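Below is the file query.csv, which contains CSV, C-alpha atoms.
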chain,number,residue,atom,x,y,z
A,29,MET,CA,200.8,120.5,16.5
A,30,ALA,CA,198.5,123.4,16.2
A,31,ALA,CA,198.3,123.7,20.0
A,32,ALA,CA,202.0,123.9,20.3
A,33,ARG,CA,202.1,126.9,17.9
A,34,GLY,CA,199.3,128.6,19.8
A,35,GLU,CA,196.7,128.1,17.0
A,36,PRO,CA,193.2,126.9,17.8
A,37,GLY,CA,192.6,123.1,17.5
A,38,PRO,CA,190.2,121.7,14.9
A,39,ARG,CA,186.5,122.0,15.7
A,40,PRO,CA,184.3,119.0,15.3
A,41,PRO,CA,181.9,119.1,12.4
A,42,PRO,CA,178.3,120.2,13.0
A,43,PRO,CA,175.7,117.5,13.5
A,44,SER,CA,174.4,115.9,10.3
A,45,SER,CA,170.7,115.2,9.7
A,46,SER,CA,171.2,112.4,7.3
A,47,SER,CA,170.4,108.9,8.3
A,48,SER,CA,170.5,105.5,6.7
A,49,SER,CA,167.1,104.3,5.4
A,50,SER,CA,167.8,100.7,6.6
A,51,SER,CA,168.2,101.8,10.2
A,52,PHE,CA,165.8,104.0,12.1
A,53,ARG,CA,168.2,104.9,14.9
A,54,PHE,CA,168.8,108.6,14.8
A,55,ARG,CA,171.4,110.2,17.0
A,56,VAL,CA,172.3,113.9,17.3
A,57,ARG,CA,175.8,114.9,18.1
A,58,VAL,CA,176.1,117.9,20.5
A,59,ARG,CA,179.2,119.6,21.7
A,60,ASP,CA,179.6,120.0,25.5
A,61,PRO,CA,178.1,123.4,26.3
A,62,ARG,CA,180.1,123.8,29.6
A,63,PRO,CA,182.4,126.9,29.6
A,64,CYS,CA,186.1,126.5,29.5
A,65,GLN,CA,187.8,126.7,32.9
A,66,LEU,CA,190.9,128.9,33.3
A,67,PRO,CA,194.0,126.9,34.0
A,68,ALA,CA,195.6,127.1,37.4
A,69,GLY,CA,198.1,130.0,37.5
A,70,ARG,CA,196.3,132.2,35.0
A,71,GLU,CA,196.5,135.9,35.8
A,72,ARG,CA,193.5,137.2,37.8
A,73,GLY,CA,192.8,140.4,39.6
A,74,ALA,CA,194.7,140.4,42.9
A,75,PRO,CA,193.5,142.2,46.0
A,76,GLY,CA,194.6,145.8,46.3
A,77,GLY,CA,194.5,146.5,42.5
A,78,GLY,CA,197.7,144.6,41.8
A,79,ARG,CA,198.0,141.7,39.4
A,80,ALA,CA,199.4,138.3,40.4
A,81,ARG,CA,202.0,136.7,38.2
A,82,ALA,CA,201.0,133.5,36.4
A,83,ALA,CA,202.7,130.3,37.5
A,84,PRO,CA,205.2,128.8,35.1
A,85,VAL,CA,203.7,126.2,32.8
A,86,PRO,CA,205.8,123.0,32.5
A,87,ALA,CA,207.3,122.3,29.1
A,88,ALA,CA,205.6,118.9,28.9
A,89,ALA,CA,202.2,120.5,29.5
A,90,ALA,CA,202.9,123.1,26.9
A,91,ALA,CA,203.8,120.5,24.3
A,92,ALA,CA,200.7,118.3,24.9
A,93,PRO,CA,197.9,118.7,22.3
A,94,ALA,CA,194.7,120.4,23.3
A,95,ALA,CA,191.9,118.1,24.4
A,96,PRO,CA,189.0,118.2,22.0
A,97,SER,CA,185.6,119.2,23.3
A,98,PRO,CA,183.6,116.2,24.4
A,99,VAL,CA,180.7,115.1,22.1
A,100,VAL,CA,177.4,114.0,23.6
A,101,PHE,CA,175.2,111.6,21.7
A,102,ARG,CA,171.5,111.6,22.3
A,103,GLU,CA,169.1,109.1,20.8
A,104,VAL,CA,166.0,110.7,19.4
A,105,LYS,CA,162.8,109.3,20.8
A,106,HIS,CA,161.0,109.4,17.4
A,107,PHE,CA,163.6,106.9,16.0
A,108,ARG,CA,164.6,105.0,19.1
A,109,SER,CA,165.0,101.2,19.2
A,110,TRP,CA,162.5,99.4,21.5
A,111,VAL,CA,163.1,96.1,23.3
A,112,PRO,CA,160.4,93.8,22.0
A,113,TRP,CA,158.4,92.0,24.8
A,114,LEU,CA,154.7,92.3,23.8
A,115,VAL,CA,154.9,90.1,20.7
A,116,PRO,CA,156.6,87.3,22.6
A,117,THR,CA,153.9,87.7,25.2
A,118,PHE,CA,151.3,87.3,22.5
A,119,VAL,CA,153.0,84.1,21.3
A,120,VAL,CA,153.0,82.7,24.9
A,121,ALA,CA,149.4,83.7,25.4
A,122,ASN,CA,148.2,81.9,22.2
A,123,THR,CA,150.2,78.8,23.2
A,124,VAL,CA,148.7,78.7,26.7
A,125,MET,CA,145.2,79.1,25.2
A,126,LEU,CA,145.7,76.1,23.0
A,127,VAL,CA,146.9,74.0,25.9
A,128,ILE,CA,143.9,75.1,28.0
A,129,THR,CA,141.6,74.3,25.0
A,130,MET,CA,143.0,70.8,24.7
A,131,TYR,CA,142.6,70.3,28.4
A,132,VAL,CA,138.9,71.3,28.1
A,133,ASN,CA,138.5,69.2,25.0
A,134,ASP,CA,139.5,65.9,26.8
A,135,CYS,CA,139.4,63.7,23.6
A,136,PRO,CA,139.5,60.3,25.4
A,137,LYS,CA,136.3,61.1,27.1
A,138,ASN,CA,134.4,62.0,23.9
A,139,SER,CA,136.0,59.9,21.2
A,140,VAL,CA,137.5,56.5,20.9
A,141,SER,CA,140.0,57.2,18.1
A,142,CYS,CA,142.1,60.0,19.4
A,143,ILE,CA,145.6,60.8,18.1
A,144,ALA,CA,148.5,60.6,20.6
A,145,ARG,CA,146.5,59.0,23.3
A,146,PHE,CA,149.6,58.8,25.6
A,147,LEU,CA,149.0,62.6,26.1
A,148,GLY,CA,145.8,61.7,28.1
A,149,ARG,CA,143.2,64.4,28.0
A,150,PHE,CA,145.6,66.6,25.9
A,151,SER,CA,145.4,64.1,23.0
A,152,PHE,CA,144.0,65.4,19.6
A,153,GLN,CA,140.8,64.7,17.7
A,154,PRO,CA,140.9,62.3,14.8
A,155,PHE,CA,142.2,63.7,11.5
A,156,LYS,CA,138.9,63.3,9.8
A,157,GLU,CA,137.4,65.6,12.3
A,158,ASN,CA,140.3,68.1,12.7
A,159,PRO,CA,143.3,67.7,10.4
A,160,LEU,CA,145.2,70.4,12.3
A,161,LEU,CA,145.9,68.3,15.4
A,162,GLY,CA,143.5,70.2,17.6
A,163,PRO,CA,140.2,70.1,19.5
A,164,SER,CA,136.7,69.5,18.3
A,165,SER,CA,134.5,72.3,16.9
A,166,ALA,CA,132.2,72.1,20.0
A,167,THR,CA,135.2,72.8,22.3
A,168,LEU,CA,136.3,75.8,20.2
A,169,GLN,CA,132.7,77.1,20.3
A,170,LYS,CA,132.7,76.6,24.1
A,171,MET,CA,136.0,78.4,24.5
A,172,GLY,CA,134.9,81.5,22.6
A,173,GLY,CA,135.1,80.8,18.9
A,174,LEU,CA,133.4,83.3,16.7
A,175,VAL,CA,129.8,82.2,15.8
A,176,ALA,CA,127.9,85.0,14.0
A,177,SER,CA,124.5,83.9,15.3
A,178,LYS,CA,125.6,84.4,18.9
A,179,VAL,CA,126.8,87.9,18.1
A,180,VAL,CA,123.6,88.8,16.3
A,181,ASP,CA,121.0,87.0,18.4
A,182,ARG,CA,122.6,87.1,21.9
A,183,HIS,CA,124.8,90.2,21.4
A,184,GLN,CA,127.9,88.3,22.5
A,185,VAL,CA,130.2,91.0,21.0
A,186,TRP,CA,133.2,89.7,23.0
A,187,LEU,CA,133.4,86.8,20.7
A,188,LEU,CA,135.0,89.2,18.1
A,189,VAL,CA,138.0,89.4,20.5
A,190,THR,CA,138.2,86.0,22.1
A,191,CYS,CA,138.4,84.2,18.8
A,192,ILE,CA,141.7,85.9,18.0
A,193,TRP,CA,143.4,84.0,20.8
A,194,LEU,CA,142.1,80.5,19.8
A,195,HIS,CA,143.6,78.2,17.2
A,196,GLY,CA,142.3,75.1,15.4
A,197,GLY,CA,145.3,73.0,16.3
A,198,VAL,CA,149.1,72.7,16.5
A,199,PHE,CA,149.7,73.3,12.8
A,200,HIS,CA,147.5,76.3,12.8
A,201,LEU,CA,149.3,77.7,15.9
A,202,LEU,CA,152.8,77.1,14.5
A,203,ALA,CA,152.1,78.8,11.2
A,204,ASN,CA,150.6,81.9,12.9
A,205,MET,CA,153.1,82.3,15.7
A,206,LEU,CA,156.1,81.9,13.4
A,207,SER,CA,154.7,84.6,11.2
A,208,LEU,CA,154.0,86.8,14.2
A,209,LEU,CA,157.5,86.5,15.5
A,210,VAL,CA,159.0,87.4,12.1
A,211,ILE,CA,156.8,90.4,11.4
A,212,GLY,CA,155.8,91.6,14.9
A,213,ILE,CA,159.3,91.7,16.6
A,214,ARG,CA,160.7,94.0,13.8
A,215,LEU,CA,157.7,96.3,14.0
A,216,GLU,CA,157.8,96.4,17.8
A,217,GLN,CA,161.5,97.3,17.8
A,218,GLU,CA,160.8,100.3,15.5
A,219,PHE,CA,157.5,101.6,16.8
A,220,GLY,CA,157.1,100.3,20.4
A,221,PHE,CA,154.6,98.0,22.1
A,222,VAL,CA,151.7,100.5,22.4
A,223,ARG,CA,151.2,101.2,18.7
A,224,ILE,CA,151.9,97.6,17.6
A,225,GLY,CA,149.7,96.2,20.3
A,226,LEU,CA,146.8,98.4,19.3
A,227,LEU,CA,147.4,97.7,15.6
A,228,TYR,CA,147.4,93.9,16.3
A,229,ILE,CA,144.2,93.8,18.4
A,230,ILE,CA,142.1,96.2,16.4
A,231,SER,CA,143.1,94.5,13.1
A,232,GLY,CA,142.1,91.2,14.6
A,233,ILE,CA,138.7,92.6,15.6
A,234,GLY,CA,138.3,94.0,12.0
A,235,GLY,CA,139.0,90.6,10.6
A,236,SER,CA,136.4,89.1,12.9
A,237,LEU,CA,133.8,91.6,11.8
A,238,LEU,CA,134.2,90.8,8.1
A,239,SER,CA,134.3,87.1,8.9
A,240,ALA,CA,131.0,87.3,10.9
A,241,LEU,CA,129.3,89.2,8.1
A,242,PHE,CA,130.2,86.7,5.3
A,243,LEU,CA,130.6,83.4,7.2
A,244,GLN,CA,127.5,83.3,9.4
A,245,SER,CA,127.2,79.5,9.6
A,246,ASN,CA,130.8,78.5,10.5
A,247,ILE,CA,133.0,78.8,13.6
A,248,SER,CA,136.0,81.0,13.0
A,249,VAL,CA,139.2,81.1,15.2
A,250,GLY,CA,142.8,82.2,14.7
A,251,ALA,CA,145.1,85.2,14.8
A,252,SER,CA,145.4,85.4,11.0
A,253,GLY,CA,143.3,88.6,10.8
A,254,ALA,CA,145.6,90.3,13.3
A,255,LEU,CA,148.7,89.1,11.3
A,256,PHE,CA,147.3,90.5,8.1
A,257,GLY,CA,146.7,93.7,9.9
A,258,LEU,CA,150.5,93.9,10.6
A,259,LEU,CA,151.2,93.3,6.9
A,260,GLY,CA,148.8,96.0,6.0
A,261,GLY,CA,150.4,98.3,8.5
A,262,MET,CA,153.8,97.6,7.0
A,263,LEU,CA,152.5,98.6,3.6
A,264,SER,CA,150.9,101.8,4.7
A,265,GLU,CA,154.0,102.7,6.8
A,266,LEU,CA,156.1,102.4,3.6
A,267,ILE,CA,153.7,104.7,1.8
A,268,ILE,CA,153.3,107.4,4.4
A,269,ASN,CA,157.1,107.4,5.2
A,270,TRP,CA,158.0,107.2,1.5
A,271,SER,CA,160.7,110.0,1.7
A,272,ILE,CA,162.9,108.3,4.2
A,273,TYR,CA,163.5,105.1,2.2
A,274,THR,CA,166.1,104.7,-0.5
A,275,ASN,CA,165.0,101.5,-2.4
A,276,LYS,CA,161.3,102.5,-2.4
A,277,VAL,CA,160.1,100.7,-5.4
A,278,ALA,CA,161.9,97.4,-4.6
A,279,ALA,CA,160.6,97.4,-1.0
A,280,PHE,CA,157.0,98.2,-2.2
A,281,VAL,CA,157.0,95.4,-4.8
A,282,THR,CA,158.5,92.9,-2.4
A,283,LEU,CA,156.0,93.7,0.3
A,284,LEU,CA,153.1,93.7,-2.1
A,285,SER,CA,154.1,90.3,-3.5
A,286,ILE,CA,154.2,88.8,0.0
A,287,ILE,CA,150.7,90.2,0.8
A,288,VAL,CA,149.2,88.8,-2.5
A,289,LEU,CA,150.8,85.4,-1.9
A,290,ASN,CA,149.3,85.2,1.6
A,291,LEU,CA,145.9,86.3,0.4
A,292,ALA,CA,146.1,83.6,-2.3
A,293,VAL,CA,146.5,81.0,0.4
A,294,GLY,CA,143.0,81.9,1.6
A,295,ILE,CA,141.6,80.1,-1.4
A,296,LEU,CA,142.3,76.8,0.2
A,297,PRO,CA,139.5,75.0,2.0
A,298,HIS,CA,138.9,75.6,5.7
A,299,VAL,CA,140.7,79.0,5.5
A,300,ASP,CA,138.8,82.1,6.5
A,301,ASN,CA,140.0,84.5,3.8
A,302,PHE,CA,137.4,87.1,4.9
A,303,ALA,CA,139.2,87.5,8.2
A,304,HIS,CA,142.4,88.0,6.3
A,305,ILE,CA,140.9,90.7,4.1
A,306,GLY,CA,139.2,92.4,7.0
A,307,GLY,CA,142.4,92.4,9.1
A,308,PHE,CA,144.5,93.6,6.2
A,309,LEU,CA,142.2,96.6,5.5
A,310,SER,CA,142.0,97.5,9.2
A,311,GLY,CA,145.8,97.4,9.5
A,312,PHE,CA,146.3,99.2,6.3
A,313,PHE,CA,144.2,102.3,7.3
A,314,LEU,CA,145.5,102.2,10.9
A,315,GLY,CA,149.1,102.1,9.7
A,316,PHE,CA,148.7,105.6,8.3
A,317,VAL,CA,147.6,106.7,11.8
A,318,PHE,CA,149.9,104.8,14.1
A,319,LEU,CA,153.1,104.4,12.1
A,320,ILE,CA,153.7,107.9,10.8
A,321,ARG,CA,157.2,109.3,11.2
A,322,PRO,CA,158.4,112.9,11.3
A,323,GLN,CA,160.8,114.4,8.8
A,324,PHE,CA,164.5,114.0,9.4
A,325,GLY,CA,165.0,117.8,8.9
A,326,TRP,CA,162.5,118.5,11.7
A,327,VAL,CA,164.2,116.0,14.0
A,328,SER,CA,167.7,117.4,13.4
A,329,GLN,CA,166.4,120.9,13.9
A,330,ARG,CA,164.6,120.0,17.1
A,331,TYR,CA,167.5,118.2,18.8
A,332,ALA,CA,170.3,120.3,17.5
A,333,PRO,CA,172.2,122.6,19.9
A,334,PRO,CA,171.2,126.3,19.9
A,335,GLY,CA,174.4,127.3,17.9
A,336,TYR,CA,173.4,125.2,15.0
A,337,LEU,CA,169.7,126.2,14.7
A,338,THR,CA,168.6,127.5,11.3
A,339,THR,CA,166.3,130.4,10.7
A,340,SER,CA,163.9,128.4,8.5
A,341,VAL,CA,161.3,126.4,10.4
A,342,ILE,CA,160.7,122.8,9.1
A,343,SER,CA,157.3,121.3,9.7
A,344,LYS,CA,157.1,118.0,11.5
A,345,PHE,CA,155.1,116.2,8.8
A,346,LYS,CA,154.8,116.7,5.1
A,347,LYS,CA,151.5,117.7,3.6
A,348,TYR,CA,150.8,114.3,2.0
A,349,GLN,CA,151.4,112.7,5.3
A,350,CYS,CA,148.7,114.8,7.0
A,351,VAL,CA,146.3,114.2,4.2
A,352,LEU,CA,146.8,110.4,4.4
A,353,TRP,CA,146.5,110.5,8.2
A,354,ILE,CA,143.2,112.3,8.3
A,355,SER,CA,141.6,110.5,5.4
A,356,SER,CA,142.6,107.0,6.7
A,357,LEU,CA,141.3,107.8,10.2
A,358,ILE,CA,137.9,108.8,8.8
A,359,ILE,CA,137.7,105.8,6.4
A,360,PHE,CA,138.5,103.4,9.2
A,361,ILE,CA,136.0,104.9,11.7
A,362,VAL,CA,133.2,104.9,9.2
A,363,GLY,CA,133.9,101.5,7.8
A,364,PHE,CA,134.3,99.9,11.3
A,365,THR,CA,131.1,101.5,12.5
A,366,VAL,CA,129.1,100.5,9.5
A,367,ALA,CA,130.3,96.9,9.6
A,368,LEU,CA,129.5,96.6,13.3
A,369,VAL,CA,126.0,98.0,12.9
A,370,LEU,CA,125.3,95.7,10.0
A,371,LEU,CA,126.4,92.7,12.0
A,372,LEU,CA,124.4,93.6,15.1
A,373,ARG,CA,121.3,94.2,13.0
A,374,GLY,CA,121.6,90.8,11.4
A,375,VAL,CA,122.1,91.9,7.8
A,376,SER,CA,123.0,88.9,5.8
A,377,THR,CA,125.7,88.8,3.1
A,378,GLN,CA,123.1,88.2,0.4
A,379,MET,CA,121.4,91.5,1.4
A,380,ILE,CA,124.7,93.3,1.2
A,381,ILE,CA,125.4,91.9,-2.2
A,382,VAL,CA,121.9,92.8,-3.5
A,383,LEU,CA,122.2,96.3,-2.1
A,384,GLY,CA,125.5,96.7,-3.7
A,385,ALA,CA,124.1,95.5,-7.1
A,386,ILE,CA,121.2,98.0,-6.8
A,387,ILE,CA,123.6,100.8,-6.0
A,388,CYS,CA,125.7,100.0,-9.0
A,389,LEU,CA,122.6,99.7,-11.2
A,390,VAL,CA,121.3,103.1,-10.0
A,391,SER,CA,124.6,104.8,-10.7
A,392,GLN,CA,124.7,103.4,-14.2
A,393,LEU,CA,121.2,104.6,-14.8
A,394,GLN,CA,122.1,108.1,-13.6
A,395,ASP,CA,125.0,108.2,-16.1
A,396,GLY,CA,122.7,107.3,-19.0
A,397,ALA,CA,121.3,110.4,-20.7
A,398,ALA,CA,118.3,108.7,-22.2
A,399,ILE,CA,117.1,106.9,-19.0
A,400,GLN,CA,115.5,108.6,-16.1
A,401,ILE,CA,115.3,107.0,-12.7
A,402,ARG,CA,111.8,108.2,-12.0
A,403,ASP,CA,110.6,106.2,-15.0
A,404,THR,CA,112.1,102.9,-13.8
A,405,ALA,CA,109.9,100.3,-12.1
A,406,ILE,CA,110.8,99.3,-8.5
A,407,PRO,CA,110.4,95.6,-7.7
A,408,HIS,CA,107.6,94.9,-5.2
A,409,SER,CA,110.0,92.9,-2.9
A,410,TRP,CA,111.9,96.1,-2.1
A,411,GLU,CA,110.7,99.2,-0.3
A,412,ALA,CA,112.3,102.5,-0.2
A,413,ARG,CA,113.3,103.9,3.2
Please render this file's structure as structure tokens.
Amino acid sequence: MAAARGEPGPRPPPPSSSSSSSSFRFRVRVRDPRPCQLPAGRERGAPGGGRARAAPVPAAAAAAPAAPSPVVFREVKHFRSWVPWLVPTFVVANTVMLVITMYVNDCPKNSVSCIARFLGRFSFQPFKENPLLGPSSATLQKMGGLVASKVVDRHQVWLLVTCIWLHGGVFHLLANMLSLLVIGIRLEQEFGFVRIGLLYIISGIGGSLLSALFLQSNISVGASGALFGLLGGMLSELIINWSIYTNKVAAFVTLLSIIVLNLAVGILPHVDNFAHIGGFLSGFFLGFVFLIRPQFGWVSQRYAPPGYLTTSVISKFKKYQCVLWISSLIIFIVGFTVALVLLLRGVSTQMIIVLGAIICLVSQLQDGAAIQIRDTAIPHSWEAR
């Protein structure tokens, strides 16, 4: 009844910069900036210097409460919710590639003991040859499976990418695509298709690089490296955006347990754990670059109306975020470049292990006060460069 007594009505509270850590939707409430219109009949200057009388206001209109100022909600682009479409497209693409691979395989033409022969040329190889219900290794190699010798000798670098879209069989495809839907859709909803698409593909290439360096005699296929890249990106996103989470330690322990459990599966036979490790490391360092979020204080300050602006200027990112962003980008570029050069030059894993052992030995000798490096004998099989 404040309007009936002629007192001003209650003003809406100023916009709040707080937001729930479980939801990354951030909306700013802004009052309608349009000026109030004078009601009909209000006194205005009349022609000739006189003043016109105001029209009588009806009693019902006078008793009506004053309408509050409309509130406009705007969704901030840094915390908007995206509609996921790229991850389902990846799932469809991987499924189509398996169907095409089985068509090219044509098991009845090359084998007499195919599984599910009623499928015709889409039938599967025998279990003793492929226990995952899939094609033969020769077909996988023909379709673009990763073979390190082809990358080194023939410089077929595209095999590092094509192997990501191939799978060893139906079981392999189901396991990877279910994981991709669970992990990838959530990430695409929060960060969009551009960043998650780049994270997925580059992590897959990183996994292929490490796999080609350490498994030079096998054929490697599958999207596991890219999936582990998404897991690594989730871990780095939690670390670099640490301040916007409430249950930080619980989320960190849970995510780390899932990663360790999935890496432990790589101990099983016929599992390329080097691709898992390479994809995880690539996604971990890229996550600091792609999945960084601004501070809530900066967002509320940027999108608040002029009347609510504060005098203090809040930086978009915190100092530790900037340090992690720069250092991770440098580490990823250097590591990716070194791995690619080593692979193209045909450096074997044995050479890498021996070089690592020599580096460790030299560092230990440098730490010893009584031993001088210039007095040590260098084996004749090695030459200094």
Fill in: Shell of 10 Å around A:Leu255, only C-alpha atoms, local chain residues under 6 positions omitted, as JSON, numbers by chain
{"A": [204, 205, 207, 208, 211, 212, 227, 228, 229, 231, 232, 235, 261, 304, 307, 308, 311]}
Go ahead and save the residues from that selection, with C-alpha atoms, as a JSON list (two decimals), keeping the file's coordinate frame.
[["chain", "number", "residue", "atom", "x", "y", "z"],
["A", 204, "ASN", "CA", 150.60, 81.90, 12.90],
["A", 205, "MET", "CA", 153.10, 82.30, 15.70],
["A", 207, "SER", "CA", 154.70, 84.60, 11.20],
["A", 208, "LEU", "CA", 154.00, 86.80, 14.20],
["A", 211, "ILE", "CA", 156.80, 90.40, 11.40],
["A", 212, "GLY", "CA", 155.80, 91.60, 14.90],
["A", 227, "LEU", "CA", 147.40, 97.70, 15.60],
["A", 228, "TYR", "CA", 147.40, 93.90, 16.30],
["A", 229, "ILE", "CA", 144.20, 93.80, 18.40],
["A", 231, "SER", "CA", 143.10, 94.50, 13.10],
["A", 232, "GLY", "CA", 142.10, 91.20, 14.60],
["A", 235, "GLY", "CA", 139.00, 90.60, 10.60],
["A", 261, "GLY", "CA", 150.40, 98.30, 8.50],
["A", 304, "HIS", "CA", 142.40, 88.00, 6.30],
["A", 307, "GLY", "CA", 142.40, 92.40, 9.10],
["A", 308, "PHE", "CA", 144.50, 93.60, 6.20],
["A", 311, "GLY", "CA", 145.80, 97.40, 9.50]]
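One finds atom CA of A:Phe318 at 11.6 Å from atom CA of A:Ile354.
Picture a line from atom CA of A:Leu372 to atom CA of A:Asp181; it runs 8.1 Å.
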Practice prompt. List the neighbours of A:Ala240 out to 12 Å using all atoms listed in the file; skip same-chain residues closer than 4 positions along the sequence, and give me the result as an NGL selection string.
Written response: :A and (173-180 or 185 or 187-188 or 191 or 233-236 or 244-249 or 300-303 or 306 or 367-372 or 374-377)
Item to complete: One decimal, Å: what's the distance from atom CA of A:Phe345 over to atom CA of A:Ala278, could you say?
Response: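 Here the two named atoms are 24.1 Å from each other.
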Could you give me, as a PDB file with C-alpha atoms, keeping the file's coordinate frame, the residues that have an atom at most 10 Å away from the point (154.9, 107.2, 1.9) in the coordinates of the file, using only C-alpha atoms?
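Dumped to part.pdb:
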ATOM      1  CA  LEU A 263     152.500  98.600   3.600  1.00  0.00           C
ATOM      2  CA  SER A 264     150.900 101.800   4.700  1.00  0.00           C
ATOM      3  CA  GLU A 265     154.000 102.700   6.800  1.00  0.00           C
ATOM      4  CA  LEU A 266     156.100 102.400   3.600  1.00  0.00           C
ATOM      5  CA  ILE A 267     153.700 104.700   1.800  1.00  0.00           C
ATOM      6  CA  ILE A 268     153.300 107.400   4.400  1.00  0.00           C
ATOM      7  CA  ASN A 269     157.100 107.400   5.200  1.00  0.00           C
ATOM      8  CA  TRP A 270     158.000 107.200   1.500  1.00  0.00           C
ATOM      9  CA  SER A 271     160.700 110.000   1.700  1.00  0.00           C
ATOM     10  CA  ILE A 272     162.900 108.300   4.200  1.00  0.00           C
ATOM     11  CA  TYR A 273     163.500 105.100   2.200  1.00  0.00           C
ATOM     12  CA  LYS A 276     161.300 102.500  -2.400  1.00  0.00           C
ATOM     13  CA  PHE A 316     148.700 105.600   8.300  1.00  0.00           C
ATOM     14  CA  ILE A 320     153.700 107.900  10.800  1.00  0.00           C
ATOM     15  CA  ARG A 321     157.200 109.300  11.200  1.00  0.00           C
ATOM     16  CA  TYR A 348     150.800 114.300   2.000  1.00  0.00           C
ATOM     17  CA  GLN A 349     151.400 112.700   5.300  1.00  0.00           C
ATOM     18  CA  LEU A 352     146.800 110.400   4.400  1.00  0.00           C
TER      19      LEU A 352
END
Worksheet entry | Contact residues around A:Met262 with all atoms listed in the file at 10 Å, ignoring same-chain residues under 6 positions, as a list in words |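 Everything that qualifies: Ile211, Leu215, Phe256, Phe280, Leu283, Leu284, Gly311, Phe312, Gly315, Phe316 and Leu319 of chain A.
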Practice prompt. For each of A:Gly250, A:Pro112, A:Pro159, A:Gly363, take the minimum atom-to-atom distance to A:Leu209, counting all atoms listed in the file, then give the residue where this is smallest.
Written response: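 Of A:Gly250, A:Pro112, A:Pro159, A:Gly363, the one nearest A:Leu209, counting all atoms listed in the file, is A:Pro112.
Residue nearest A:Val288, chosen from A:Thr117, A:Phe146, A:Lys137, A:Leu259 and counting all atoms listed in the file: A:Leu259.
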Item to complete: Give the answer as one residue: which of A:Phe313, A:Gly196, A:Gln323, A:Gln184 has the shortest atom-to-atom distance to A:Val362, using only C-alpha atoms?
Response: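 Closest residue, counting only C-alpha atoms: A:Phe313.
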Worksheet item: For A:Gln217, which of A:Leu114, A:Leu314, A:Leu309, A:Val366 is the closest residue, counting all atoms listed in the file?
Response: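 Using all atoms listed in the file, A:Gln217 sits closest to A:Leu114.
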Practice prompt. Considering only C-alpha atoms, state which residue in the set A:Thr123, A:Thr129, A:Asn158, A:Ser328 is at the smallest distance from A:Ile143.
Written response: A:Asn158
Worksheet item: Skipping near chain neighbours, those fewer than 5 positions away, what residues fall within 10 Å of stretch 151-155 of chain A using all atoms listed in the file, listed as a VMD selection string?
Response: chain A and resid 130 to 131 133 to 136 138 to 146 160 to 165 197 to 198
